[in-house]
Amino acid sequence: MINESLVTIYHDPTSEPSRAVHWLCVDAGITINIKYIWLTLGDHLSNEFLAVNPLHQVPAMKHKDFCLSEASAIMNYITDIHGCSDEWFGKSIREKAIINKYLSWYHTNLRRISTLDYFLPVLLMPAYLGLPKPKGEDLKNRLDALHDMFANLDFLLQGKKFLSGDKISAADILYACDIFALMIDPNYKNCYLAIII
């Protein structure tokens, strides 16, 4: 039974941004309703789901009459209404700016290069849809971009426990979900494992 006073997250555990929203709620001790939307079963195309997110993407959120999409926006909203946004998105203006910098870097670098340009075409789409894997020079270019992106991430993390310092933030959770997904790559997982540990 869904508790209408709680936020409902429309969640596919195979989606990295969707997992990030869920993991944040678990870490922050925030109780939510979860409605599973399985992308591989086409649940994201149902009329019920399109009423929540017409772009048919997860995660999506409904709270009473308010619907929202995009993981970082959902995470921010949930922590705002539970009074713990400072803990996950920064307390001071500078802390907020730094975390927002890493949220932006996630979309234009980590998410785009590791997931959209590598993980989906090289691993996921061939497994789920039977599409051919990139080969030869195409695959090499994707791997080179991945190595360069991780070298930049190593630089950003230099001397710090987490992206913004000694304390975990919402950005760290987003990053972890995408990096964790790459561990299924049998040819490359040892490299990612070193980054995660």
# chains A, B, ... in the order shown; residues from 1 in each chain; ligands from 1
$ closest_atom_pairs --of "segment 65-108 of chain A" --to "segment 9-24 of chain A" --cutoff "10 Å" --atoms "only C-alpha atoms" --output "CSV"
residue,atom,partner,partner_atom,distance
A:Cys67,CA,A:Ile9,CA,9.9
A:Leu68,CA,A:Ile9,CA,9.6
A:Ser69,CA,A:Tyr10,CA,9.6
A:Glu70,CA,A:Pro17,CA,7.9
A:Ala71,CA,A:Pro17,CA,5.5
A:Ser72,CA,A:Val21,CA,7.9
A:Ala73,CA,A:Val21,CA,9.7
A:Ile74,CA,A:Val21,CA,7.2
A:Met75,CA,A:Val21,CA,5.8
A:Asn76,CA,A:Val21,CA,9.6
A:Ile78,CA,A:Val21,CA,9.1
A:Thr79,CA,A:Leu24,CA,9.0
A:Trp88,CA,A:Leu24,CA,8.7
$ select_by_dssp --residues "segment 3-195 of chain A" --states "strand (DSSP E)" --output "list in words"
Thr8, Ile9, Tyr10, His11, Asn33, Ile34, Lys35, Tyr36, Ala60, Met61, Lys62, His63, Phe66, Cys67, Leu68 and Ser69 of chain A
$ write_last_selection --atoms "all heavy atoms" --output "tab-separated table (two decimals), in the first residue's frame"
chain	number	residue	atom	x	y	z
A	8	THR	N	6.99	9.26	-3.76
A	8	THR	CA	7.06	8.01	-4.50
A	8	THR	C	8.13	8.15	-5.57
A	8	THR	O	8.11	9.09	-6.36
A	8	THR	CB	5.71	7.67	-5.16
A	8	THR	OG1	4.74	7.46	-4.13
A	8	THR	CG2	5.81	6.40	-6.01
A	9	ILE	N	9.07	7.23	-5.56
A	9	ILE	CA	10.13	7.19	-6.57
A	9	ILE	C	9.79	6.08	-7.55
A	9	ILE	O	9.54	4.94	-7.17
A	9	ILE	CB	11.50	6.91	-5.92
A	9	ILE	CG1	11.88	8.02	-4.95
A	9	ILE	CG2	12.58	6.73	-6.99
A	9	ILE	CD1	12.00	9.38	-5.56
A	10	TYR	N	9.81	6.43	-8.82
A	10	TYR	CA	9.62	5.47	-9.91
A	10	TYR	C	11.02	5.02	-10.29
A	10	TYR	O	11.82	5.81	-10.79
A	10	TYR	CB	8.86	6.13	-11.06
A	10	TYR	CG	7.44	6.45	-10.66
A	10	TYR	CD1	7.15	7.57	-9.88
A	10	TYR	CD2	6.39	5.61	-11.03
A	10	TYR	CE1	5.86	7.85	-9.49
A	10	TYR	CE2	5.08	5.90	-10.63
A	10	TYR	CZ	4.83	7.02	-9.87
A	10	TYR	OH	3.54	7.30	-9.48
A	11	HIS	N	11.31	3.76	-10.02
A	11	HIS	CA	12.69	3.29	-9.90
A	11	HIS	C	12.92	2.02	-10.71
A	11	HIS	O	12.14	1.07	-10.63
A	11	HIS	CB	12.93	3.02	-8.41
A	11	HIS	CG	14.22	2.37	-8.07
A	11	HIS	ND1	15.44	2.87	-8.44
A	11	HIS	CD2	14.49	1.25	-7.35
A	11	HIS	CE1	16.40	2.09	-7.96
A	11	HIS	NE2	15.84	1.10	-7.30
A	33	ASN	N	8.18	5.77	-0.86
A	33	ASN	CA	7.50	4.69	-1.60
A	33	ASN	C	8.35	4.40	-2.83
A	33	ASN	O	8.89	5.32	-3.44
A	33	ASN	CB	6.12	5.14	-2.10
A	33	ASN	CG	5.17	5.47	-0.97
A	33	ASN	OD1	5.05	4.74	0.00
A	33	ASN	ND2	4.47	6.59	-1.10
A	34	ILE	N	8.44	3.13	-3.20
A	34	ILE	CA	9.15	2.77	-4.43
A	34	ILE	C	8.16	2.07	-5.34
A	34	ILE	O	7.49	1.12	-4.94
A	34	ILE	CB	10.36	1.86	-4.16
A	34	ILE	CG1	11.41	2.61	-3.37
A	34	ILE	CG2	10.93	1.34	-5.47
A	34	ILE	CD1	12.65	1.82	-3.04
A	35	LYS	N	8.07	2.57	-6.55
A	35	LYS	CA	7.27	1.92	-7.59
A	35	LYS	C	8.25	1.50	-8.68
A	35	LYS	O	8.91	2.35	-9.29
A	35	LYS	CB	6.22	2.87	-8.14
A	35	LYS	CG	5.39	2.25	-9.23
A	35	LYS	CD	3.94	2.61	-9.06
A	35	LYS	CE	3.11	2.07	-10.19
A	35	LYS	NZ	2.58	0.79	-9.98
A	36	TYR	N	8.38	0.20	-8.90
A	36	TYR	CA	9.35	-0.30	-9.87
A	36	TYR	C	8.85	-0.08	-11.29
A	36	TYR	O	7.71	-0.40	-11.62
A	36	TYR	CB	9.66	-1.77	-9.63
A	36	TYR	CG	10.48	-1.96	-8.37
A	36	TYR	CD1	9.88	-2.33	-7.18
A	36	TYR	CD2	11.85	-1.71	-8.37
A	36	TYR	CE1	10.62	-2.47	-6.01
A	36	TYR	CE2	12.60	-1.84	-7.21
A	36	TYR	CZ	11.98	-2.23	-6.05
A	36	TYR	OH	12.71	-2.35	-4.89
A	60	ALA	N	11.95	9.02	-11.69
A	60	ALA	CA	10.92	10.05	-11.66
A	60	ALA	C	10.33	10.04	-10.26
A	60	ALA	O	10.50	9.07	-9.51
A	60	ALA	CB	9.86	9.80	-12.71
A	61	MET	N	9.67	11.12	-9.91
A	61	MET	CA	9.17	11.26	-8.55
A	61	MET	C	7.79	11.88	-8.59
A	61	MET	O	7.50	12.72	-9.43
A	61	MET	CB	10.12	12.19	-7.79
A	61	MET	CG	9.76	12.45	-6.34
A	61	MET	SD	10.39	14.06	-5.79
A	61	MET	CE	9.05	15.12	-6.29
A	62	LYS	N	6.95	11.43	-7.66
A	62	LYS	CA	5.66	12.07	-7.44
A	62	LYS	C	5.50	12.28	-5.94
A	62	LYS	O	5.72	11.37	-5.15
A	62	LYS	CB	4.53	11.20	-7.99
A	62	LYS	CG	3.18	11.89	-7.89
A	62	LYS	CD	2.10	11.13	-8.62
A	62	LYS	CE	0.82	11.94	-8.58
A	62	LYS	NZ	-0.28	11.27	-9.24
A	63	HIS	N	5.13	13.50	-5.59
A	63	HIS	CA	4.86	13.83	-4.19
A	63	HIS	C	3.56	14.62	-4.17
A	63	HIS	O	3.54	15.78	-4.56
A	63	HIS	CB	6.01	14.63	-3.59
A	63	HIS	CG	5.87	14.87	-2.13
A	63	HIS	ND1	6.27	16.03	-1.52
A	63	HIS	CD2	5.36	14.10	-1.13
A	63	HIS	CE1	6.03	15.97	-0.22
A	63	HIS	NE2	5.48	14.80	0.04
A	66	PHE	N	2.80	16.88	-7.18
A	66	PHE	CA	4.03	17.40	-7.78
A	66	PHE	C	4.86	16.27	-8.37
A	66	PHE	O	5.17	15.30	-7.68
A	66	PHE	CB	4.84	18.16	-6.73
A	66	PHE	CG	6.14	18.74	-7.24
A	66	PHE	CD1	6.15	19.63	-8.30
A	66	PHE	CD2	7.33	18.39	-6.65
A	66	PHE	CE1	7.34	20.17	-8.76
A	66	PHE	CE2	8.53	18.91	-7.10
A	66	PHE	CZ	8.54	19.81	-8.16
A	67	CYS	N	5.20	16.39	-9.65
A	67	CYS	CA	6.03	15.39	-10.33
A	67	CYS	C	7.36	16.03	-10.72
A	67	CYS	O	7.41	17.22	-11.05
A	67	CYS	CB	5.34	14.86	-11.57
A	67	CYS	SG	3.81	13.98	-11.20
A	68	LEU	N	8.42	15.23	-10.68
A	68	LEU	CA	9.75	15.73	-10.97
A	68	LEU	C	10.57	14.62	-11.60
A	68	LEU	O	10.39	13.44	-11.28
A	68	LEU	CB	10.40	16.20	-9.66
A	68	LEU	CG	11.72	16.98	-9.73
A	68	LEU	CD1	11.54	18.30	-10.47
A	68	LEU	CD2	12.24	17.22	-8.31
A	69	SER	N	11.49	15.01	-12.50
A	69	SER	CA	12.43	14.05	-13.07
A	69	SER	C	13.85	14.58	-12.87
A	69	SER	O	14.02	15.69	-12.37
A	69	SER	CB	12.13	13.84	-14.57
A	69	SER	OG	12.25	15.05	-15.27
$ closest_residue --among "A:Asp65, A:Glu48, A:Glu137, A:Glu87" --to "Asp27 of chain A" --atoms "only C-alpha atoms"
A:Glu87
$ atom_distance --atom1 "atom CA of Tyr77 of chain A" --atom2 "atom CA of Asn53 of chain A"
16.0 Å
$ atom_distance --atom1 "atom CA of Tyr118 of chain A" --atom2 "atom CA of Asp185 of chain A"
10.4 Å
$ select_by_dssp --residues "segment 42-197 of chain A" --states "helix (DSSP H, G or I)" --output "PyMOL selection string"
chain A and resi 43-45+47-52+71-81+85-89+93-129+136-157+170-184+189-196
$ residues_around --residues "Lys135 of chain A" --least-positions-apart "6" --cutoff "10 Å" --atoms "only C-alpha atoms" --output "number ranges by chain"
A: 122, 141-142
$ atom_distance --atom1 "atom CA of Ala176 of chain A" --atom2 "atom CA of His147 of chain A"
16.6 Å
$ closest_atom_pairs --of "segment 79-122 of chain A" --to "segment 151-169 of chain A" --cutoff "7 Å" --atoms "only C-alpha atoms" --output "CSV"
residue,atom,partner,partner_atom,distance
A:Trp88,CA,A:Ser169,CA,4.5
A:Phe89,CA,A:Ser169,CA,6.2
A:Ile98,CA,A:Ser164,CA,6.5
A:Ile99,CA,A:Ser164,CA,6.4
$ write_last_selection --atoms "N, CA, C and O atoms" --output "PDB file, in the first residue's frame"
ATOM      1  N   TRP A  88      23.836  16.996   2.238  1.00  0.00           N
ATOM      2  CA  TRP A  88      24.096  16.318   0.963  1.00  0.00           C
ATOM      3  C   TRP A  88      24.443  17.266  -0.172  1.00  0.00           C
ATOM      4  O   TRP A  88      25.069  16.865  -1.148  1.00  0.00           O
ATOM      5  N   PHE A  89      24.031  18.521  -0.090  1.00  0.00           N
ATOM      6  CA  PHE A  89      24.243  19.481  -1.175  1.00  0.00           C
ATOM      7  C   PHE A  89      25.026  20.720  -0.731  1.00  0.00           C
ATOM      8  O   PHE A  89      25.157  21.656  -1.498  1.00  0.00           O
ATOM      9  N   ILE A  98      30.666  24.067  -4.918  1.00  0.00           N
ATOM     10  CA  ILE A  98      31.586  22.964  -5.212  1.00  0.00           C
ATOM     11  C   ILE A  98      30.804  21.701  -5.565  1.00  0.00           C
ATOM     12  O   ILE A  98      31.112  21.014  -6.544  1.00  0.00           O
ATOM     13  N   ILE A  99      29.781  21.389  -4.781  1.00  0.00           N
ATOM     14  CA  ILE A  99      28.982  20.194  -5.068  1.00  0.00           C
ATOM     15  C   ILE A  99      28.255  20.354  -6.404  1.00  0.00           C
ATOM     16  O   ILE A  99      28.209  19.415  -7.212  1.00  0.00           O
TER      17      ILE A  99
END
$ closest_residue --among "A:Ile179, A:Leu45, A:Ala97, A:Ile32" --to "Leu110 of chain A" --atoms "only C-alpha atoms"
A:Ile179
$ closest_residue --among "A:Ser5, A:Tyr102, A:Arg94, A:Tyr128" --to "Leu39 of chain A" --atoms "only C-alpha atoms"
A:Tyr128
$ residues_around --residues "segment 80-85 of chain A" --least-positions-apart "5" --cutoff "9 Å" --atoms "only C-alpha atoms" --output "list in words"
Ala28, Ile30, Met75, Gly90 and Lys91 of chain A
$ write_last_selection --atoms "all heavy atoms" --output "JSON list (two decimals), in the first residue's frame"
[["chain", "number", "residue", "atom", "x", "y", "z"],
["A", 28, "ALA", "N", 20.49, 8.50, 3.89],
["A", 28, "ALA", "CA", 19.96, 9.61, 4.69],
["A", 28, "ALA", "C", 18.85, 9.16, 5.64],
["A", 28, "ALA", "O", 18.36, 9.96, 6.43],
["A", 28, "ALA", "CB", 19.44, 10.72, 3.76],
["A", 30, "ILE", "N", 15.79, 8.26, 4.82],
["A", 30, "ILE", "CA", 14.53, 8.85, 4.37],
["A", 30, "ILE", "C", 13.62, 7.75, 3.83],
["A", 30, "ILE", "O", 14.01, 7.00, 2.94],
["A", 30, "ILE", "CB", 14.78, 9.91, 3.27],
["A", 30, "ILE", "CG1", 15.59, 11.08, 3.85],
["A", 30, "ILE", "CG2", 13.47, 10.39, 2.67],
["A", 30, "ILE", "CD1", 16.07, 12.07, 2.82],
["A", 75, "MET", "N", 16.92, 14.26, -5.83],
["A", 75, "MET", "CA", 17.69, 14.13, -4.59],
["A", 75, "MET", "C", 17.64, 15.44, -3.79],
["A", 75, "MET", "O", 17.48, 15.43, -2.57],
["A", 75, "MET", "CB", 19.13, 13.75, -4.92],
["A", 75, "MET", "CG", 19.26, 12.35, -5.52],
["A", 75, "MET", "SD", 20.82, 12.10, -6.40],
["A", 75, "MET", "CE", 21.88, 11.61, -5.06],
["A", 90, "GLY", "N", 25.54, 20.71, 0.49],
["A", 90, "GLY", "CA", 26.37, 21.80, 0.97],
["A", 90, "GLY", "C", 25.62, 22.78, 1.85],
["A", 90, "GLY", "O", 24.46, 23.06, 1.62],
["A", 91, "LYS", "N", 26.33, 23.28, 2.84],
["A", 91, "LYS", "CA", 25.72, 24.22, 3.80],
["A", 91, "LYS", "C", 26.02, 25.67, 3.40],
["A", 91, "LYS", "O", 25.12, 26.49, 3.31],
["A", 91, "LYS", "CB", 26.26, 23.93, 5.20],
["A", 91, "LYS", "CG", 25.58, 24.71, 6.28],
["A", 91, "LYS", "CD", 26.01, 24.22, 7.66],
["A", 91, "LYS", "CE", 25.22, 24.94, 8.73],
["A", 91, "LYS", "NZ", 25.53, 24.46, 10.06]]
$ residues_around --residues "Leu139 of chain A" --least-positions-apart "4" --cutoff "10 Å" --atoms "only C-alpha atoms" --output "JSON, numbers by chain"
{"A": [117, 118, 121, 122, 133, 134, 135, 143, 144, 145]}
$ closest_residue --among "A:Leu116, A:Leu131, A:Asp172, A:His56" --to "Trp38 of chain A" --atoms "only C-alpha atoms"
A:His56
$ residues_around --residues "Asp178 of chain A" --least-positions-apart "4" --cutoff "7 Å" --atoms "only C-alpha atoms" --output "VMD selection string"
chain A and resid 16 111 115 174 182
